[in-house]
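Since the structure comes first, as structure tokens, the remarks are kept for the end.
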Amino acid sequence: MPVYTFEVASPVVRSVRDKEPSHFKFEIESYQALLNSIARTKSDKIETSEFNAGGQSWVLVIYPNGNTRDSGSGNISLYLKLANKPTGGSSVYATFKFFIFDHERETYITIQDARERRFDAGHLEWGIAKALPVAAFNDDKNALLVNDSCTFGAEVYVISSTATVARLSLAEQLTNRSFTWGVYDYSKLRTDTYSEIFSVEERSWKLRLYPRGNLTGQGRFLSLYLYLDDRTDLTGGRKLYVECELSIRDQLTGGAFKQTVGFWFDSVNDHRGFDTFLSLADLNNPLKGYKQNDTLIVEAVINEIFVLKEIN
């Protein structure tokens, strides 16, 4: 028998059922790799693609190690987010239920907030901070995480709707995942500059550098960003989650100054990086070795790519 242990948090109602979620199912492959990537980028949550229920668009938000801001530490925290902010003072009222799939018994744990929740411009997200202890989720006897894969789900009770299924998959065996860019005659740069286009996972990427800073880094930092050059296939809920390590090489010691960024690329969002990547004081310090013979060596290494797509 499964060893499900729950902390009592009325009016949260928990049960087990055979029927899969009616509105949204989210399948994760390579779960541990995703957790490692989230940790490296100092994030604490996963946001899925949008799905429709009750005439509204929603997003399932998962905190794999708990939402500490809502006293969820040590638990998987699950939340429902209204994707589009209501206007004109309007609200959306809904109850909702979350699901976690039991692979061995082919059933679903259901966790329901029995209260009706009001989603409005000031409160777009509601959920359950202590949905399931992390220890219970990781326990092999419960068969919730099997072969590094798991499935979550959601139902939103506004009006019955057709289910949407999204799948998050790890792009394995990335080839040629690193790119080196020599920025010559650096002191002569007066504005931002782009690298040549490079390819990873059959996608085109490029770097953009602001020698004297951009936005919050202007005048004090070098700003550096990763761009996805072609987003034409990122439609219909399809997204890419990319973890990329950006660095500037220390040409004296062979070391490097590095920062890691994680970001969802989609049809609208095409870049992410750092306004305040490296201070100009450090960049111009000859003992640091970042600028030699008026040249910078900029490097990008794409560590992980996760592909999120709707499969029906």
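Just so we're on the same page: first chain in the structure tokens is A, next is B, and so on; residues restart at 1 for each chain, and ligands are numbered from 1 in the order they show up.
The neighbours of A:Tyr210 here are the residues that come within 7 Å of it, using only C-alpha atoms and leaving out any residue fewer than 5 positions away in the same chain; they are Thr191, Asp192, Thr193, Leu222, Ser223 and Leu224 of chain A.
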Save out the residues we just selected, N, CA and C atoms, as an mmCIF file, in the first residue's frame.
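To be explicit, this is the file written out as part.cif:
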```
data_model
loop_
_atom_site.group_PDB
_atom_site.id
_atom_site.type_symbol
_atom_site.label_atom_id
_atom_site.label_comp_id
_atom_site.auth_asym_id
_atom_site.auth_seq_id
_atom_site.Cartn_x
_atom_site.Cartn_y
_atom_site.Cartn_z
ATOM 1 N N THR A 191 28.634 51.583 -29.088
ATOM 2 C CA THR A 191 27.280 51.129 -28.792
ATOM 3 C C THR A 191 27.271 49.618 -28.703
ATOM 4 N N ASP A 192 26.088 49.022 -28.560
ATOM 5 C CA ASP A 192 25.991 47.576 -28.418
ATOM 6 C C ASP A 192 26.435 46.881 -29.690
ATOM 7 N N THR A 193 26.842 45.624 -29.532
ATOM 8 C CA THR A 193 27.305 44.836 -30.672
ATOM 9 C C THR A 193 26.839 43.397 -30.519
ATOM 10 N N LEU A 222 29.361 46.156 -17.717
ATOM 11 C CA LEU A 222 29.189 45.555 -19.029
ATOM 12 C C LEU A 222 27.919 44.711 -18.972
ATOM 13 N N SER A 223 27.045 44.862 -19.975
ATOM 14 C CA SER A 223 25.807 44.081 -20.031
ATOM 15 C C SER A 223 25.941 43.017 -21.108
ATOM 16 N N LEU A 224 25.414 41.804 -20.823
ATOM 17 C CA LEU A 224 25.582 40.678 -21.745
ATOM 18 C C LEU A 224 24.303 39.844 -21.759
#
```
Counting only C-alpha atoms, which residues of stretch 220-294 of chain A fall within 12 Å of stretch 204-207 of chain A, and what is the closest atom pair for each with its distance in Å at one decimal, ordered by chain and rising number, as CSV?
```
residue,atom,partner,partner_atom,distance
A:Ser223,CA,A:Leu207,CA,10.6
A:Leu224,CA,A:Leu207,CA,7.2
A:Tyr225,CA,A:Leu207,CA,5.7
A:Leu226,CA,A:Leu207,CA,4.8
A:Tyr227,CA,A:Lys206,CA,5.2
A:Leu228,CA,A:Trp205,CA,4.7
A:Asp229,CA,A:Trp205,CA,5.1
A:Asp230,CA,A:Ser204,CA,6.3
A:Arg231,CA,A:Ser204,CA,9.2
A:Thr232,CA,A:Ser204,CA,11.4
A:Val242,CA,A:Trp205,CA,11.5
A:Cys244,CA,A:Trp205,CA,11.4
A:Glu245,CA,A:Leu207,CA,11.9
A:Leu246,CA,A:Leu207,CA,9.5
A:Ser247,CA,A:Leu207,CA,11.4
A:Phe265,CA,A:Trp205,CA,11.6
A:Asp270,CA,A:Trp205,CA,9.9
A:His271,CA,A:Leu207,CA,9.2
A:Arg272,CA,A:Leu207,CA,9.9
A:Gly273,CA,A:Leu207,CA,9.4
A:Phe274,CA,A:Leu207,CA,11.6
```
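Shortest atom-to-atom contact with A:Arg212 among A:Glu243, A:Asp185, A:Asp275, A:Asp266: A:Asp275, counting only C-alpha atoms.
Ranking A:Leu80, A:Leu283, A:Leu174, A:Ala121 by their shortest atom-to-atom distance to A:Val301, with only C-alpha atoms included, puts A:Leu174 first.
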Q: Could you find all residues in stretch 128-171 of chain A that DSSP calls strand (DSSP E) from the backbone, and write them as a PyMOL selection string?
A: chain A and resi 128-133+150-157+164-170
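Minimum distance to A:Tyr290 across A:Gly153, A:Gly262, A:Gly54, A:Gly254 (counting only C-alpha atoms) occurs at A:Gly254.
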Quick one: residues within 8 Å of A:Asp18, only C-alpha atoms, excluding same-chain residues fewer than 4 positions away - as a PDB file with N, CA and C atoms, in the first residue's frame?
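Writing done, so here's out.pdb:
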```pdb
ATOM      1  N   GLU A 106      -1.565   3.387 -11.119  1.00  0.00           N
ATOM      2  CA  GLU A 106      -2.250   4.100 -12.210  1.00  0.00           C
ATOM      3  C   GLU A 106      -3.465   4.866 -11.700  1.00  0.00           C
ATOM      4  N   THR A 107      -3.223   5.554 -10.601  1.00  0.00           N
ATOM      5  CA  THR A 107      -4.242   6.416 -10.011  1.00  0.00           C
ATOM      6  C   THR A 107      -3.627   7.799  -9.789  1.00  0.00           C
ATOM      7  N   TYR A 108      -4.456   8.736  -9.369  1.00  0.00           N
ATOM      8  CA  TYR A 108      -4.005  10.096  -9.115  1.00  0.00           C
ATOM      9  C   TYR A 108      -4.301  10.485  -7.664  1.00  0.00           C
TER      10      TYR A 108
END
```
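With distances taken over only C-alpha atoms, A:Val13 is the one residue among A:Val13, A:Val92, A:Leu144, A:Leu215 lying closest to A:Thr110.
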Q. Taking the backbone alone, and naming residues the way the document does, which bits of stretch 62-140 of chain A are alpha helix (DSSP H) by DSSP, as a list of chain:residue names?
A. A:Val134, A:Ala135, A:Ala136, A:Phe137, A:Asn138
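Distances here use only C-alpha atoms; by that measure, the residue among A:Glu155, A:Asp44, A:Glu29, A:Glu50 closest to A:Glu310 is A:Glu50.
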Q. What does the distance from atom CA of A:Pro86 to atom CA of A:Glu116 come to in Å, to one decimal?
A. 17.3 Å
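Closest approach to A:Leu132 among A:Ser169, A:Asn67, A:Thr164, A:Thr87 is made by A:Asn67 (distances from only C-alpha atoms).
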